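Undergrad: Next up is a structure, given as structure tokens.
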Amino acid sequence: MSKAPPSAFWTQPVVDLARALIGCQLLVDGAGGTIVETEAYDVDDPASHAFGGPRGRNLAMFGPVAHAYVYKIYGIHWCLNFVGGVHPGSAVLIRAIAPTQGIETMIARRGLSDPRKLCSGPGKLAQALSIDRRLDGAPLDQAPFALTLGNEADIVVGPRIGISKAIDHPWRFGARGSPFLSRAFPKDG
DNA sequence: GTATCGATGATCT
DNA sequence: GATCATCGATACC
């Protein structure tokens, strides 16, 4: 059976954490599935909201690990991050999930029936899992969150998506060949 | 298949 | 006023 991550899981380097989260199961109020795509954002990373120190919306990033950081982007979409890493201010963006539980609920929230489009992107999964500002700073080991460790051997790496700074860091991770990724990886095998 | 663009609001200069 | 860790609709190849 699956277990919740130990505290040491969260305090490993954030890039390692992003890789380790691939294959873990994430449920929010009973809806969700297997994490198939993540990105790491380090505290000294110009592309990170934490760059420049704690202020405004990024305060949750400097809070305790194993908590959520949720923000709104482009005035429309919510994005879910997991706070973790060696230093305060780093976090992992959850970019895509393979839906396994609460699929009917997620279909209703998204207004779509194609399972490949339910959670294949940060804004999409936030809508499918009903993520919004009320979960900013919420602990991941308590309801409505339920996170359990998983295994994923075949992981692909690539540059992060949608950023304009530090674009060369290969800090995007995905389950190779998954049909639930937000986009294909550049040099997939 | 790829390219471009509008929505819509918080944050930053 | 510009930018933004996005998405979906549209136009074109």
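FYI, nothing fancy with the structure tokens labels: chains A, B, ... in order, residues from 1 per chain, ligands from 1 as they appear.
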Taking only C-alpha atoms (C1' of nucleotides) into account, what are the residues of chain B at most 8 Å from chain A, put as a ChimeraX atom specification?
TA: /B:7-10
Undergrad: Leaving out A:Thr100 and any residue of its chain fewer than 4 positions from it, which residues lie within 10 Å of it when counting only C-alpha atoms (C1' of nucleotides), given as a VMD selection string?
TA: chain A and resid 25 to 27 31 to 34 115
Undergrad: Store the residues picked out above in a file with N, CA, C and O atoms, as a PDB file, in the first residue's frame.
TA:
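Ended up saving to part.pdb:
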ATOM      1  N   GLN A  25       0.580   9.883  -5.944  1.00  0.00           N
ATOM      2  CA  GLN A  25      -0.846  10.104  -6.136  1.00  0.00           C
ATOM      3  C   GLN A  25      -1.311  11.328  -5.362  1.00  0.00           C
ATOM      4  O   GLN A  25      -1.026  11.460  -4.164  1.00  0.00           O
ATOM      5  N   LEU A  26      -2.003  12.225  -6.039  1.00  0.00           N
ATOM      6  CA  LEU A  26      -2.551  13.423  -5.412  1.00  0.00           C
ATOM      7  C   LEU A  26      -4.069  13.424  -5.538  1.00  0.00           C
ATOM      8  O   LEU A  26      -4.607  13.322  -6.636  1.00  0.00           O
ATOM      9  N   LEU A  27      -4.728  13.526  -4.387  1.00  0.00           N
ATOM     10  CA  LEU A  27      -6.182  13.687  -4.377  1.00  0.00           C
ATOM     11  C   LEU A  27      -6.523  14.966  -3.619  1.00  0.00           C
ATOM     12  O   LEU A  27      -5.890  15.288  -2.615  1.00  0.00           O
ATOM     13  N   ALA A  31     -10.793  13.766  -5.485  1.00  0.00           N
ATOM     14  CA  ALA A  31     -10.613  13.787  -6.937  1.00  0.00           C
ATOM     15  C   ALA A  31      -9.142  14.013  -7.264  1.00  0.00           C
ATOM     16  O   ALA A  31      -8.470  14.815  -6.626  1.00  0.00           O
ATOM     17  N   GLY A  32      -8.656  13.311  -8.261  1.00  0.00           N
ATOM     18  CA  GLY A  32      -7.264  13.490  -8.657  1.00  0.00           C
ATOM     19  C   GLY A  32      -6.718  12.244  -9.326  1.00  0.00           C
ATOM     20  O   GLY A  32      -7.439  11.528 -10.007  1.00  0.00           O
ATOM     21  N   GLY A  33      -5.420  11.987  -9.099  1.00  0.00           N
ATOM     22  CA  GLY A  33      -4.787  10.847  -9.748  1.00  0.00           C
ATOM     23  C   GLY A  33      -3.282  10.883  -9.566  1.00  0.00           C
ATOM     24  O   GLY A  33      -2.784  11.374  -8.554  1.00  0.00           O
ATOM     25  N   THR A  34      -2.564  10.370 -10.549  1.00  0.00           N
ATOM     26  CA  THR A  34      -1.114  10.226 -10.464  1.00  0.00           C
ATOM     27  C   THR A  34      -0.416  11.430 -11.098  1.00  0.00           C
ATOM     28  O   THR A  34      -0.728  11.805 -12.231  1.00  0.00           O
ATOM     29  N   PRO A 115     -10.671  12.403 -21.074  1.00  0.00           N
ATOM     30  CA  PRO A 115      -9.810  12.317 -19.885  1.00  0.00           C
ATOM     31  C   PRO A 115      -8.416  12.882 -20.121  1.00  0.00           C
ATOM     32  O   PRO A 115      -7.763  13.332 -19.182  1.00  0.00           O
TER      33      PRO A 115
END
Undergrad: Please report, as a Markdown table, each residue of chain A lying at most 9 Å from chain C, together with the nearest pair of atoms and the separation in Å rounded to one decimal; use only C-alpha atoms (C1' of nucleotides), and order rows by chain and ascending residue number.
TA:
| residue | atom | partner | partner_atom | distance |
| --- | --- | --- | --- | --- |
| A:Glu39 | CA | C:DA5 | C1' | 8.5 |
| A:Tyr41 | CA | C:DA5 | C1' | 8.8 |
| A:Ala47 | CA | C:DA5 | C1' | 7.8 |
| A:Ser48 | CA | C:DA5 | C1' | 7.7 |
| A:His49 | CA | C:DA5 | C1' | 8.5 |
| A:Ile73 | CA | C:DC4 | C1' | 6.6 |
| A:Tyr74 | CA | C:DC4 | C1' | 6.0 |
| A:Ile76 | CA | C:DT6 | C1' | 7.9 |
| A:His77 | CA | C:DT6 | C1' | 6.4 |
| A:Trp78 | CA | C:DT6 | C1' | 8.9 |
| A:Cys79 | CA | C:DA5 | C1' | 8.1 |
| A:Leu93 | CA | C:DA5 | C1' | 7.4 |
| A:Gly121 | CA | C:DT6 | C1' | 8.2 |
| A:Pro122 | CA | C:DT6 | C1' | 7.7 |
| A:Gly123 | CA | C:DT6 | C1' | 6.1 |
| A:Lys124 | CA | C:DC7 | C1' | 8.0 |
| A:Arg160 | CA | C:DA5 | C1' | 8.3 |
| A:Ile161 | CA | C:DA5 | C1' | 7.2 |
| A:Gly162 | CA | C:DA5 | C1' | 6.2 |
| A:Ile163 | CA | C:DA5 | C1' | 6.3 |
Undergrad: Could you work out how far atom CA of A:Gly23 lies from atom CA of A:Ser113, giving the answer in Å with one decimal?
TA: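 Calculated distance between atom CA of A:Ser113 and atom CA of A:Gly23 is 23.3 Å.
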Undergrad: Would you work out the distance separating atom CA of A:Asn58 from atom CA of A:Pro13, expressed in Å to one decimal?
TA: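 Between atom CA of A:Asn58 and atom CA of A:Pro13 the gap is 19.1 Å.
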Undergrad: Which of chain A end up as alpha helix (DSSP H) when DSSP is run on this backbone - answer as a count of residues only?
TA: 27
